[in-house]
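K.L.:
Next up is a structure, given as structure tokens.
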Amino acid sequence: MKIGIDKIGFYVPDLYLDMRKLAVAREIEPDKFTIGIGQEKMAVAPITQDAVTLAANAAASILDETDKENIDLVIFGTESGVDHSKAAAVYVHHLLGLNPAARSFEIKQACYGATAGIQMAKGHIALNPESKVLVLGSDIARYGLDSSGESTQGAGAVALLISANPRILALEDKSAYLTADIMDFWRPLYSSTAYVDGKFSNEQYSFFFANVWQQFKEKSSLTFKDFEALCFHLPYTKMGLKALKPVLEEGTSEDKERLLNHYQKSIGYNKVVGNIYTGSLYLSLLSLLEQKEKLTAGSRIGLFSYGSGAVGEFFTGILQPGYQKHLNTKQHTEMLAARREVSVAEYEVIFQQTLPIDGSSLLSETEKDSATICLAGIANNQRQYINKTAEK
Ligand code: CAA
């Protein structure tokens, strides 16, 4: 039985910052951000969006009534969760009106969370072929104003419907993974921004890729020639390339040309969104699939997932016939084009707007947010969510 990705939804907040303008404000050469890091724009989340609403908006864009009835497992991968106890998946389950006969929970291992969710979903469907699983990867990447990681922030969510007989990508069984207890990036419970050892994190990312690729070759006997394209977790769009290039030396010149050409296609959305942490790998997959050029059905795509701390995994999928018909390319292009640019001063104000943590209440102006599902504020220490469609 084939199991894999049947639908992919994506949501990005309706505000962005131009990386060149951020560079000028920080007295940095703009080419460092656009060429050295490889980022053009950075998504900015208003106070009316959090990990829950971003994910709910991404999922709402793909689910029909049959999906809502058949989903019996909701797995929410995030490292910017909103509660130490209650799972973000439960809020999303309610906001989308899913069948109550479902399991819903949250999973955390930095940017690896959604991948763990997908692998778990695959096992669940193998045992329950009629089931559909909603896997969510949703985050707001925050390092701090004028911090070393500021140029690699972003916000957004990806929603994946995993099922039997998937219409986009059938996942294969061979997979290679690695865990090591390292401190390259982390966020203590008391901090709203991440701590990072930037250079070490880059080195570890590359080390993990080389390691899981080597393991994968040994397990599968596949080599670069068996892959049409590779997609990477992209904290910034130069990172995957930095890890790939030295390892790709073992490939032929055709392998290099094909994989480097497709790499450029796989960074399109990430370049104008920034790091969305656990959804980033799947945003890269979406960039590859939603480009104009059609990939041949039956092609194999490799996926490298990396979550600091750290867990890495390399796994693969086979592109299904007619996959393009099941993508929402037009909607994604229009959503990105409709965003409003904010100035650096406006971004700095938005960055510092946070919900109170002293038990007081706050009501936000959700009319300014074009999203259907918004965070309306906090009252009685409870986040207040609204679905504008449901209220009409
Ligand atoms: N024109 C063109 N390129 C320029 C340039 C210019 N004027 N000035 C500098 N550059 C290039 C540099 O040569 C460098 O390129 P190479 O990496 O190819 O050598 C690149 O721009 C970046 O320069 P620096 O290394 O000096 O940049 P930095 O010290 O400001 O740090 C960073 C960059 C480490 C990514 C930092 O932004 C950071 O810490 N980000 C957060 C951590 C992160 O994203 N780590 C990635 C791996 S961890 C992970 O993947 C999990 C996750 O999601 C966080």
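By order of appearance in the structure tokens: chains A, B, ..., then residues from 1 within every chain, and ligands from 1 in the order shown.
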So which residues touch segment 128-141 of chain A within 7 Å, counting only C-alpha atoms, skipping near sequence neighbours fewer than 2 positions away, as an NGL selection string?
P.N.:
:A and (51 or 54-55 or 70-80 or 114 or 117-118 or 121 or 124-126 or 143 or 153-164 or 275-279)
K.L.:
Show me, as JSON, numbers by chain, the residues that have an atom within 8 Å of segment 374-391 of chain A when counting only C-alpha atoms, minus same-chain residues fewer than 4 positions from it.
P.N.:
{"A": [47, 48, 49, 50, 53, 95, 355, 356, 359, 360, 361, 362, 363, 364, 365, 366, 369]}
K.L.:
With only C-alpha atoms and all ligand atoms counted, collect every polymer residue having an atom within 7 Å of ligand 1; state the result as an NGL selection string.
P.N.:
:A and (29-33 or 35-37 or 111 or 148-152 or 184-185 or 196-199 or 201-202 or 205 or 233-236 or 239 or 242 or 275 or 277 or 306-308)
K.L.:
Record the distance separating atom CA of Ile267 of chain A and atom CA of Gly240 of chain A, expressed in Å with one decimal.
P.N.:
9.4 Å
